[in-house]
Amino acid sequence: MWKKPGPQPSLRTEPEKVVRTPAPPSKPTLPARIGPSVVVKGEVYGEEDLVIEGKVDGKITVKTGSVTVGEKGTIDADIQAVSIQVAGNVKGNLAGAEKVVLLESGRVEGNITAKSVTLENGCRFKGSIDMESSRSVSTALKPIVSDPLTRAQA
């Protein structure tokens with residue numbers, strides 16, 4: 001009627017061994033590129049560094065990175081970024097939250113707004129510069145009004 005109990009399995013369990021694989025080494029992030037044969041018409045928006053060697057017509061906004069216009073770059077657009085470096089041709093307003101640098105080969109026709117502006121010998125610039133030091137990143141990245149009719153209505 002009654003069976004003799006056999007050996008009971010142990011309720012004690014071994015803790016599970018956690019095997020952790022090492023995280024892959026982080027690579028430095030390469031900037032996004034618009035190559036010399038690429039033409040963009042419209043808005044370019046991003047949050048990473050951008051290098052432009054091609055042609056952009058429209059608007060360029062990079063909220064947390066920098067924009068570099070290479071020597072072959074031709075821009076007909078307003079540019080907004082934390083920092084902007086120009087070695088090519090830009091026709092439009094530049095709003096750098098931190099700095100704007102025009103290199104020797106750089107050509108800009110438009111207004112510049114930034115905390116720090118550097119114009120290297122040999123660059124060409126036609127416009128005005130606003131280096132109001134109290135500007136914050138969010139203020140410098142507000143939309144730029146370049147059309148006189150729109151500016152009158154604003």
# chains A, B, ... in the order shown; residues from 1 in each chain; ligands from 1
>>> residues_around(residues="Gln80 (chain A)", least_positions_apart="3", cutoff="12 Å", atoms="only C-alpha atoms", output="PyMOL selection string")
chain A and resi 43-47+49-50+58-68+77+83-85+92-100+111-114+137-144
>>> residues_around(residues="Asn89 (chain A)", least_positions_apart="2", cutoff="8 Å", atoms="only C-alpha atoms", output="list in words")
Val69, Glu71, Lys72, Gly73, Thr74, Ile75, Val86, Ala87, Lys91, Gly106, Arg107 and Val108 of chain A
>>> select_by_dssp(residues="region 76-145 of chain A", states="strand (DSSP E)", output="PDB file with all heavy atoms, in the first residue's frame")
ATOM      1  N   ASP A  76      23.233  76.430 -53.042  1.00  0.00           N
ATOM      2  CA  ASP A  76      22.298  77.537 -53.196  1.00  0.00           C
ATOM      3  C   ASP A  76      21.201  77.275 -52.171  1.00  0.00           C
ATOM      4  O   ASP A  76      20.105  76.830 -52.513  1.00  0.00           O
ATOM      5  CB  ASP A  76      21.748  77.590 -54.620  1.00  0.00           C
ATOM      6  CG  ASP A  76      20.977  78.878 -54.900  1.00  0.00           C
ATOM      7  OD1 ASP A  76      20.856  79.711 -53.967  1.00  0.00           O
ATOM      8  OD2 ASP A  76      20.496  79.046 -56.029  1.00  0.00           O
ATOM      9  N   ALA A  77      21.555  77.469 -50.905  1.00  0.00           N
ATOM     10  CA  ALA A  77      20.654  77.105 -49.818  1.00  0.00           C
ATOM     11  C   ALA A  77      21.107  77.766 -48.522  1.00  0.00           C
ATOM     12  O   ALA A  77      22.275  78.112 -48.361  1.00  0.00           O
ATOM     13  CB  ALA A  77      20.660  75.584 -49.625  1.00  0.00           C
ATOM     14  N   ASP A  78      20.172  77.911 -47.586  1.00  0.00           N
ATOM     15  CA  ASP A  78      20.526  78.316 -46.234  1.00  0.00           C
ATOM     16  C   ASP A  78      21.054  77.084 -45.514  1.00  0.00           C
ATOM     17  O   ASP A  78      20.554  75.969 -45.712  1.00  0.00           O
ATOM     18  CB  ASP A  78      19.298  78.852 -45.493  1.00  0.00           C
ATOM     19  CG  ASP A  78      18.793  80.170 -46.072  1.00  0.00           C
ATOM     20  OD1 ASP A  78      19.577  80.859 -46.755  1.00  0.00           O
ATOM     21  OD2 ASP A  78      17.620  80.509 -45.832  1.00  0.00           O
ATOM     22  N   ILE A  79      22.080  77.288 -44.671  1.00  0.00           N
ATOM     23  CA  ILE A  79      22.667  76.185 -43.919  1.00  0.00           C
ATOM     24  C   ILE A  79      22.555  76.488 -42.432  1.00  0.00           C
ATOM     25  O   ILE A  79      22.939  77.581 -41.991  1.00  0.00           O
ATOM     26  CB  ILE A  79      24.150  75.966 -44.279  1.00  0.00           C
ATOM     27  CG1 ILE A  79      24.311  75.690 -45.776  1.00  0.00           C
ATOM     28  CG2 ILE A  79      24.734  74.833 -43.450  1.00  0.00           C
ATOM     29  CD1 ILE A  79      25.761  75.584 -46.232  1.00  0.00           C
ATOM     30  N   GLN A  80      22.048  75.530 -41.668  1.00  0.00           N
ATOM     31  CA  GLN A  80      21.952  75.644 -40.216  1.00  0.00           C
ATOM     32  C   GLN A  80      22.607  74.410 -39.608  1.00  0.00           C
ATOM     33  O   GLN A  80      22.250  73.285 -39.946  1.00  0.00           O
ATOM     34  CB  GLN A  80      20.498  75.715 -39.767  1.00  0.00           C
ATOM     35  CG  GLN A  80      19.760  76.908 -40.307  1.00  0.00           C
ATOM     36  CD  GLN A  80      18.279  76.887 -39.950  1.00  0.00           C
ATOM     37  OE1 GLN A  80      17.731  75.862 -39.613  1.00  0.00           O
ATOM     38  NE2 GLN A  80      17.654  78.039 -40.035  1.00  0.00           N
ATOM     39  N   ALA A  81      23.588  74.622 -38.706  1.00  0.00           N
ATOM     40  CA  ALA A  81      24.281  73.517 -38.054  1.00  0.00           C
ATOM     41  C   ALA A  81      24.985  74.045 -36.815  1.00  0.00           C
ATOM     42  O   ALA A  81      25.038  75.256 -36.580  1.00  0.00           O
ATOM     43  CB  ALA A  81      25.287  72.884 -39.012  1.00  0.00           C
ATOM     44  N   VAL A  82      25.557  73.142 -36.036  1.00  0.00           N
ATOM     45  CA  VAL A  82      26.325  73.561 -34.869  1.00  0.00           C
ATOM     46  C   VAL A  82      27.589  74.288 -35.340  1.00  0.00           C
ATOM     47  O   VAL A  82      27.933  75.351 -34.844  1.00  0.00           O
ATOM     48  CB  VAL A  82      26.676  72.354 -33.973  1.00  0.00           C
ATOM     49  CG1 VAL A  82      27.590  72.779 -32.837  1.00  0.00           C
ATOM     50  CG2 VAL A  82      25.404  71.729 -33.422  1.00  0.00           C
ATOM     51  N   SER A  83      28.274  73.702 -36.321  1.00  0.00           N
ATOM     52  CA  SER A  83      29.425  74.386 -36.911  1.00  0.00           C
ATOM     53  C   SER A  83      29.396  74.180 -38.426  1.00  0.00           C
ATOM     54  O   SER A  83      28.925  73.161 -38.917  1.00  0.00           O
ATOM     55  CB  SER A  83      30.743  73.874 -36.326  1.00  0.00           C
ATOM     56  OG  SER A  83      30.964  72.542 -36.700  1.00  0.00           O
ATOM     57  N   ILE A  84      29.922  75.181 -39.135  1.00  0.00           N
ATOM     58  CA  ILE A  84      29.909  75.166 -40.597  1.00  0.00           C
ATOM     59  C   ILE A  84      31.298  75.556 -41.083  1.00  0.00           C
ATOM     60  O   ILE A  84      31.879  76.523 -40.598  1.00  0.00           O
ATOM     61  CB  ILE A  84      28.865  76.158 -41.158  1.00  0.00           C
ATOM     62  CG1 ILE A  84      27.463  75.832 -40.626  1.00  0.00           C
ATOM     63  CG2 ILE A  84      28.872  76.156 -42.688  1.00  0.00           C
ATOM     64  CD1 ILE A  84      26.426  76.916 -40.890  1.00  0.00           C
ATOM     65  N   GLN A  85      31.813  74.789 -42.043  1.00  0.00           N
ATOM     66  CA  GLN A  85      33.105  75.099 -42.658  1.00  0.00           C
ATOM     67  C   GLN A  85      32.893  75.131 -44.168  1.00  0.00           C
ATOM     68  O   GLN A  85      32.320  74.201 -44.734  1.00  0.00           O
ATOM     69  CB  GLN A  85      34.139  74.033 -42.284  1.00  0.00           C
ATOM     70  CG  GLN A  85      35.505  74.309 -42.864  1.00  0.00           C
ATOM     71  CD  GLN A  85      36.536  73.350 -42.313  1.00  0.00           C
ATOM     72  OE1 GLN A  85      36.605  73.121 -41.119  1.00  0.00           O
ATOM     73  NE2 GLN A  85      37.330  72.784 -43.195  1.00  0.00           N
ATOM     74  N   VAL A  86      33.369  76.208 -44.804  1.00  0.00           N
ATOM     75  CA  VAL A  86      33.131  76.389 -46.233  1.00  0.00           C
ATOM     76  C   VAL A  86      34.457  76.501 -46.979  1.00  0.00           C
ATOM     77  O   VAL A  86      35.256  77.394 -46.707  1.00  0.00           O
ATOM     78  CB  VAL A  86      32.278  77.657 -46.505  1.00  0.00           C
ATOM     79  CG1 VAL A  86      32.061  77.849 -47.997  1.00  0.00           C
ATOM     80  CG2 VAL A  86      30.951  77.582 -45.775  1.00  0.00           C
ATOM     81  N   ASN A  89      31.539  76.988 -52.711  1.00  0.00           N
ATOM     82  CA  ASN A  89      30.694  78.155 -52.978  1.00  0.00           C
ATOM     83  C   ASN A  89      29.329  78.005 -52.312  1.00  0.00           C
ATOM     84  O   ASN A  89      28.661  76.985 -52.499  1.00  0.00           O
ATOM     85  CB  ASN A  89      30.487  78.317 -54.490  1.00  0.00           C
ATOM     86  CG  ASN A  89      31.782  78.607 -55.201  1.00  0.00           C
ATOM     87  OD1 ASN A  89      32.506  79.521 -54.836  1.00  0.00           O
ATOM     88  ND2 ASN A  89      32.095  77.817 -56.220  1.00  0.00           N
ATOM     89  N   VAL A  90      28.933  79.037 -51.576  1.00  0.00           N
ATOM     90  CA  VAL A  90      27.623  79.039 -50.924  1.00  0.00           C
ATOM     91  C   VAL A  90      26.908  80.340 -51.241  1.00  0.00           C
ATOM     92  O   VAL A  90      27.476  81.422 -51.060  1.00  0.00           O
ATOM     93  CB  VAL A  90      27.745  78.881 -49.386  1.00  0.00           C
ATOM     94  CG1 VAL A  90      26.364  78.983 -48.731  1.00  0.00           C
ATOM     95  CG2 VAL A  90      28.412  77.571 -49.021  1.00  0.00           C
ATOM     96  N   LYS A  91      25.675  80.218 -51.703  1.00  0.00           N
ATOM     97  CA  LYS A  91      24.810  81.376 -51.888  1.00  0.00           C
ATOM     98  C   LYS A  91      23.616  81.138 -50.984  1.00  0.00           C
ATOM     99  O   LYS A  91      22.718  80.356 -51.309  1.00  0.00           O
ATOM    100  CB  LYS A  91      24.375  81.502 -53.352  1.00  0.00           C
ATOM    101  CG  LYS A  91      23.681  82.796 -53.659  1.00  0.00           C
ATOM    102  CD  LYS A  91      23.447  82.927 -55.164  1.00  0.00           C
ATOM    103  CE  LYS A  91      22.898  84.291 -55.471  1.00  0.00           C
ATOM    104  NZ  LYS A  91      22.678  84.470 -56.907  1.00  0.00           N
ATOM    105  N   LEU A  94      24.120  81.494 -43.477  1.00  0.00           N
ATOM    106  CA  LEU A  94      24.741  80.470 -42.642  1.00  0.00           C
ATOM    107  C   LEU A  94      24.418  80.763 -41.183  1.00  0.00           C
ATOM    108  O   LEU A  94      24.689  81.867 -40.706  1.00  0.00           O
ATOM    109  CB  LEU A  94      26.263  80.452 -42.829  1.00  0.00           C
ATOM    110  CG  LEU A  94      26.787  80.342 -44.263  1.00  0.00           C
ATOM    111  CD1 LEU A  94      28.308  80.372 -44.261  1.00  0.00           C
ATOM    112  CD2 LEU A  94      26.279  79.079 -44.922  1.00  0.00           C
ATOM    113  N   ALA A  95      23.871  79.776 -40.464  1.00  0.00           N
ATOM    114  CA  ALA A  95      23.590  79.916 -39.038  1.00  0.00           C
ATOM    115  C   ALA A  95      24.324  78.802 -38.313  1.00  0.00           C
ATOM    116  O   ALA A  95      23.902  77.652 -38.345  1.00  0.00           O
ATOM    117  CB  ALA A  95      22.094  79.848 -38.767  1.00  0.00           C
ATOM    118  N   GLY A  96      25.434  79.150 -37.671  1.00  0.00           N
ATOM    119  CA  GLY A  96      26.204  78.180 -36.901  1.00  0.00           C
ATOM    120  C   GLY A  96      25.997  78.443 -35.425  1.00  0.00           C
ATOM    121  O   GLY A  96      26.280  79.541 -34.944  1.00  0.00           O
ATOM    122  N   ALA A  97      25.504  77.464 -34.692  1.00  0.00           N
ATOM    123  CA  ALA A  97      25.272  77.640 -33.260  1.00  0.00           C
ATOM    124  C   ALA A  97      26.579  77.930 -32.529  1.00  0.00           C
ATOM    125  O   ALA A  97      26.599  78.689 -31.568  1.00  0.00           O
ATOM    126  CB  ALA A  97      24.598  76.408 -32.679  1.00  0.00           C
ATOM    127  N   GLU A  98      27.673  77.344 -32.993  1.00  0.00           N
ATOM    128  CA  GLU A  98      28.975  77.565 -32.365  1.00  0.00           C
ATOM    129  C   GLU A  98      29.900  78.397 -33.248  1.00  0.00           C
ATOM    130  O   GLU A  98      30.369  79.437 -32.836  1.00  0.00           O
ATOM    131  CB  GLU A  98      29.640  76.225 -32.026  1.00  0.00           C
ATOM    132  CG  GLU A  98      28.918  75.438 -30.952  1.00  0.00           C
ATOM    133  CD  GLU A  98      28.861  76.174 -29.620  1.00  0.00           C
ATOM    134  OE1 GLU A  98      29.851  76.837 -29.254  1.00  0.00           O
ATOM    135  OE2 GLU A  98      27.816  76.089 -28.955  1.00  0.00           O
ATOM    136  N   LYS A  99      30.184  77.900 -34.475  1.00  0.00           N
ATOM    137  CA  LYS A  99      31.151  78.623 -35.304  1.00  0.00           C
ATOM    138  C   LYS A  99      30.895  78.434 -36.792  1.00  0.00           C
ATOM    139  O   LYS A  99      30.270  77.474 -37.216  1.00  0.00           O
ATOM    140  CB  LYS A  99      32.572  78.172 -34.976  1.00  0.00           C
ATOM    141  CG  LYS A  99      32.866  76.737 -35.346  1.00  0.00           C
ATOM    142  CD  LYS A  99      34.290  76.367 -34.984  1.00  0.00           C
ATOM    143  CE  LYS A  99      34.570  74.919 -35.340  1.00  0.00           C
ATOM    144  NZ  LYS A  99      35.949  74.551 -35.098  1.00  0.00           N
ATOM    145  N   VAL A 100      31.426  79.396 -37.545  1.00  0.00           N
ATOM    146  CA  VAL A 100      31.434  79.344 -39.001  1.00  0.00           C
ATOM    147  C   VAL A 100      32.849  79.696 -39.442  1.00  0.00           C
ATOM    148  O   VAL A 100      33.414  80.684 -38.979  1.00  0.00           O
ATOM    149  CB  VAL A 100      30.417  80.327 -39.632  1.00  0.00           C
ATOM    150  CG1 VAL A 100      30.575  80.379 -41.141  1.00  0.00           C
ATOM    151  CG2 VAL A 100      28.993  79.936 -39.265  1.00  0.00           C
ATOM    152  N   VAL A 101      33.413  78.870 -40.330  1.00  0.00           N
ATOM    153  CA  VAL A 101      34.774  79.097 -40.829  1.00  0.00           C
ATOM    154  C   VAL A 101      34.731  79.137 -42.352  1.00  0.00           C
ATOM    155  O   VAL A 101      34.236  78.201 -42.982  1.00  0.00           O
ATOM    156  CB  VAL A 101      35.732  77.973 -40.365  1.00  0.00           C
ATOM    157  CG1 VAL A 101      37.123  78.184 -40.942  1.00  0.00           C
ATOM    158  CG2 VAL A 101      35.786  77.892 -38.847  1.00  0.00           C
ATOM    159  N   LEU A 102      35.233  80.226 -42.920  1.00  0.00           N
ATOM    160  CA  LEU A 102      35.398  80.321 -44.368  1.00  0.00           C
ATOM    161  C   LEU A 102      36.874  80.109 -44.663  1.00  0.00           C
ATOM    162  O   LEU A 102      37.708  80.927 -44.247  1.00  0.00           O
ATOM    163  CB  LEU A 102      34.951  81.688 -44.890  1.00  0.00           C
ATOM    164  CG  LEU A 102      33.479  81.839 -45.269  1.00  0.00           C
ATOM    165  CD1 LEU A 102      32.589  81.655 -44.069  1.00  0.00           C
ATOM    166  CD2 LEU A 102      33.245  83.150 -45.930  1.00  0.00           C
ATOM    167  N   ARG A 107      33.768  80.728 -50.755  1.00  0.00           N
ATOM    168  CA  ARG A 107      33.040  81.869 -51.310  1.00  0.00           C
ATOM    169  C   ARG A 107      31.630  81.836 -50.728  1.00  0.00           C
ATOM    170  O   ARG A 107      30.919  80.840 -50.884  1.00  0.00           O
ATOM    171  CB  ARG A 107      32.930  81.783 -52.833  1.00  0.00           C
ATOM    172  CG  ARG A 107      34.245  81.546 -53.565  1.00  0.00           C
ATOM    173  CD  ARG A 107      35.108  82.787 -53.560  1.00  0.00           C
ATOM    174  NE  ARG A 107      36.335  82.614 -54.296  1.00  0.00           N
ATOM    175  CZ  ARG A 107      37.528  82.438 -53.735  1.00  0.00           C
ATOM    176  NH1 ARG A 107      37.654  82.386 -52.433  1.00  0.00           N
ATOM    177  NH2 ARG A 107      38.607  82.324 -54.460  1.00  0.00           N
ATOM    178  N   VAL A 108      31.229  82.914 -50.063  1.00  0.00           N
ATOM    179  CA  VAL A 108      29.896  82.978 -49.466  1.00  0.00           C
ATOM    180  C   VAL A 108      29.229  84.289 -49.830  1.00  0.00           C
ATOM    181  O   VAL A 108      29.824  85.361 -49.695  1.00  0.00           O
ATOM    182  CB  VAL A 108      29.952  82.836 -47.926  1.00  0.00           C
ATOM    183  CG1 VAL A 108      28.576  83.081 -47.314  1.00  0.00           C
ATOM    184  CG2 VAL A 108      30.449  81.460 -47.535  1.00  0.00           C
ATOM    185  N   GLU A 109      27.975  84.187 -50.305  1.00  0.00           N
ATOM    186  CA  GLU A 109      27.145  85.357 -50.540  1.00  0.00           C
ATOM    187  C   GLU A 109      25.889  85.155 -49.697  1.00  0.00           C
ATOM    188  O   GLU A 109      25.002  84.378 -50.045  1.00  0.00           O
ATOM    189  CB  GLU A 109      26.781  85.471 -52.023  1.00  0.00           C
ATOM    190  CG  GLU A 109      26.021  86.734 -52.345  1.00  0.00           C
ATOM    191  CD  GLU A 109      25.710  86.859 -53.830  1.00  0.00           C
ATOM    192  OE1 GLU A 109      26.508  86.385 -54.660  1.00  0.00           O
ATOM    193  OE2 GLU A 109      24.646  87.425 -54.143  1.00  0.00           O
ATOM    194  N   ILE A 112      25.866  85.699 -42.096  1.00  0.00           N
ATOM    195  CA  ILE A 112      26.404  84.688 -41.186  1.00  0.00           C
ATOM    196  C   ILE A 112      25.989  85.039 -39.762  1.00  0.00           C
ATOM    197  O   ILE A 112      26.163  86.177 -39.326  1.00  0.00           O
ATOM    198  CB  ILE A 112      27.945  84.613 -41.267  1.00  0.00           C
ATOM    199  CG1 ILE A 112      28.384  84.192 -42.667  1.00  0.00           C
ATOM    200  CG2 ILE A 112      28.486  83.665 -40.215  1.00  0.00           C
ATOM    201  CD1 ILE A 112      29.895  84.202 -42.867  1.00  0.00           C
ATOM    202  N   THR A 113      25.474  84.049 -39.046  1.00  0.00           N
ATOM    203  CA  THR A 113      25.145  84.196 -37.636  1.00  0.00           C
ATOM    204  C   THR A 113      25.847  83.066 -36.888  1.00  0.00           C
ATOM    205  O   THR A 113      25.609  81.893 -37.193  1.00  0.00           O
ATOM    206  CB  THR A 113      23.629  84.086 -37.397  1.00  0.00           C
ATOM    207  OG1 THR A 113      22.968  85.082 -38.167  1.00  0.00           O
ATOM    208  CG2 THR A 113      23.291  84.281 -35.935  1.00  0.00           C
ATOM    209  N   ALA A 114      26.728  83.418 -35.932  1.00  0.00           N
ATOM    210  CA  ALA A 114      27.436  82.407 -35.134  1.00  0.00           C
ATOM    211  C   ALA A 114      28.120  83.085 -33.957  1.00  0.00           C
ATOM    212  O   ALA A 114      28.329  84.297 -33.968  1.00  0.00           O
ATOM    213  CB  ALA A 114      28.465  81.675 -35.985  1.00  0.00           C
ATOM    214  N   LYS A 115      28.475  82.288 -32.943  1.00  0.00           N
ATOM    215  CA  LYS A 115      29.222  82.819 -31.804  1.00  0.00           C
ATOM    216  C   LYS A 115      30.639  83.181 -32.231  1.00  0.00           C
ATOM    217  O   LYS A 115      31.213  84.138 -31.746  1.00  0.00           O
ATOM    218  CB  LYS A 115      29.282  81.787 -30.681  1.00  0.00           C
ATOM    219  CG  LYS A 115      27.978  81.584 -29.957  1.00  0.00           C
ATOM    220  CD  LYS A 115      28.156  80.571 -28.846  1.00  0.00           C
ATOM    221  CE  LYS A 115      26.838  80.293 -28.161  1.00  0.00           C
ATOM    222  NZ  LYS A 115      26.978  79.254 -27.131  1.00  0.00           N
ATOM    223  N   SER A 116      31.209  82.385 -33.141  1.00  0.00           N
ATOM    224  CA  SER A 116      32.577  82.597 -33.601  1.00  0.00           C
ATOM    225  C   SER A 116      32.604  82.508 -35.121  1.00  0.00           C
ATOM    226  O   SER A 116      32.058  81.568 -35.693  1.00  0.00           O
ATOM    227  CB  SER A 116      33.490  81.526 -32.994  1.00  0.00           C
ATOM    228  OG  SER A 116      34.760  81.542 -33.597  1.00  0.00           O
ATOM    229  N   VAL A 117      33.238  83.481 -35.763  1.00  0.00           N
ATOM    230  CA  VAL A 117      33.364  83.487 -37.220  1.00  0.00           C
ATOM    231  C   VAL A 117      34.828  83.678 -37.578  1.00  0.00           C
ATOM    232  O   VAL A 117      35.480  84.588 -37.066  1.00  0.00           O
ATOM    233  CB  VAL A 117      32.504  84.609 -37.862  1.00  0.00           C
ATOM    234  CG1 VAL A 117      32.718  84.656 -39.369  1.00  0.00           C
ATOM    235  CG2 VAL A 117      31.036  84.409 -37.544  1.00  0.00           C
ATOM    236  N   THR A 118      35.331  82.811 -38.472  1.00  0.00           N
ATOM    237  CA  THR A 118      36.712  82.916 -38.938  1.00  0.00           C
ATOM    238  C   THR A 118      36.698  83.067 -40.448  1.00  0.00           C
ATOM    239  O   THR A 118      36.094  82.249 -41.148  1.00  0.00           O
ATOM    240  CB  THR A 118      37.523  81.657 -38.560  1.00  0.00           C
ATOM    241  OG1 THR A 118      37.470  81.475 -37.152  1.00  0.00           O
ATOM    242  CG2 THR A 118      38.970  81.785 -39.004  1.00  0.00           C
ATOM    243  N   LEU A 119      37.363  84.121 -40.937  1.00  0.00           N
ATOM    244  CA  LEU A 119      37.508  84.348 -42.373  1.00  0.00           C
ATOM    245  C   LEU A 119      38.995  84.256 -42.700  1.00  0.00           C
ATOM    246  O   LEU A 119      39.772  85.124 -42.290  1.00  0.00           O
ATOM    247  CB  LEU A 119      36.969  85.719 -42.771  1.00  0.00           C
ATOM    248  CG  LEU A 119      35.515  86.032 -42.407  1.00  0.00           C
ATOM    249  CD1 LEU A 119      35.169  87.465 -42.773  1.00  0.00           C
ATOM    250  CD2 LEU A 119      34.569  85.056 -43.060  1.00  0.00           C
ATOM    251  N   ARG A 124      36.229  84.791 -50.004  1.00  0.00           N
ATOM    252  CA  ARG A 124      35.371  85.890 -50.477  1.00  0.00           C
ATOM    253  C   ARG A 124      34.047  85.813 -49.744  1.00  0.00           C
ATOM    254  O   ARG A 124      33.443  84.749 -49.640  1.00  0.00           O
ATOM    255  CB  ARG A 124      35.148  85.787 -51.978  1.00  0.00           C
ATOM    256  CG  ARG A 124      36.426  86.020 -52.732  1.00  0.00           C
ATOM    257  CD  ARG A 124      36.165  86.144 -54.183  1.00  0.00           C
ATOM    258  NE  ARG A 124      37.446  86.261 -54.867  1.00  0.00           N
ATOM    259  CZ  ARG A 124      37.566  86.601 -56.109  1.00  0.00           C
ATOM    260  NH1 ARG A 124      36.507  86.859 -56.824  1.00  0.00           N
ATOM    261  NH2 ARG A 124      38.752  86.682 -56.661  1.00  0.00           N
ATOM    262  N   PHE A 125      33.619  86.988 -49.253  1.00  0.00           N
ATOM    263  CA  PHE A 125      32.394  87.037 -48.463  1.00  0.00           C
ATOM    264  C   PHE A 125      31.640  88.312 -48.767  1.00  0.00           C
ATOM    265  O   PHE A 125      32.211  89.400 -48.777  1.00  0.00           O
ATOM    266  CB  PHE A 125      32.743  86.972 -46.971  1.00  0.00           C
ATOM    267  CG  PHE A 125      31.577  87.258 -46.074  1.00  0.00           C
ATOM    268  CD1 PHE A 125      30.500  86.394 -46.008  1.00  0.00           C
ATOM    269  CD2 PHE A 125      31.553  88.399 -45.300  1.00  0.00           C
ATOM    270  CE1 PHE A 125      29.419  86.664 -45.184  1.00  0.00           C
ATOM    271  CE2 PHE A 125      30.479  88.683 -44.471  1.00  0.00           C
ATOM    272  CZ  PHE A 125      29.415  87.813 -44.414  1.00  0.00           C
ATOM    273  N   LYS A 126      30.344  88.176 -49.041  1.00  0.00           N
ATOM    274  CA  LYS A 126      29.487  89.333 -49.264  1.00  0.00           C
ATOM    275  C   LYS A 126      28.232  89.119 -48.432  1.00  0.00           C
ATOM    276  O   LYS A 126      27.462  88.187 -48.670  1.00  0.00           O
ATOM    277  CB  LYS A 126      29.116  89.467 -50.748  1.00  0.00           C
ATOM    278  CG  LYS A 126      28.261  90.679 -51.042  1.00  0.00           C
ATOM    279  CD  LYS A 126      27.978  90.790 -52.524  1.00  0.00           C
ATOM    280  CE  LYS A 126      27.143  92.022 -52.801  1.00  0.00           C
ATOM    281  NZ  LYS A 126      26.837  92.155 -54.223  1.00  0.00           N
ATOM    282  N   ILE A 129      27.635  89.884 -40.766  1.00  0.00           N
ATOM    283  CA  ILE A 129      28.001  88.911 -39.742  1.00  0.00           C
ATOM    284  C   ILE A 129      27.378  89.342 -38.426  1.00  0.00           C
ATOM    285  O   ILE A 129      27.516  90.492 -38.017  1.00  0.00           O
ATOM    286  CB  ILE A 129      29.535  88.808 -39.591  1.00  0.00           C
ATOM    287  CG1 ILE A 129      30.157  88.284 -40.881  1.00  0.00           C
ATOM    288  CG2 ILE A 129      29.891  87.909 -38.407  1.00  0.00           C
ATOM    289  CD1 ILE A 129      31.675  88.246 -40.866  1.00  0.00           C
ATOM    290  N   ASP A 130      26.707  88.398 -37.752  1.00  0.00           N
ATOM    291  CA  ASP A 130      26.141  88.639 -36.427  1.00  0.00           C
ATOM    292  C   ASP A 130      26.790  87.644 -35.471  1.00  0.00           C
ATOM    293  O   ASP A 130      26.577  86.442 -35.581  1.00  0.00           O
ATOM    294  CB  ASP A 130      24.625  88.433 -36.459  1.00  0.00           C
ATOM    295  CG  ASP A 130      23.963  88.682 -35.104  1.00  0.00           C
ATOM    296  OD1 ASP A 130      24.679  88.972 -34.125  1.00  0.00           O
ATOM    297  OD2 ASP A 130      22.732  88.565 -35.033  1.00  0.00           O
TER     298      ASP A 130
END
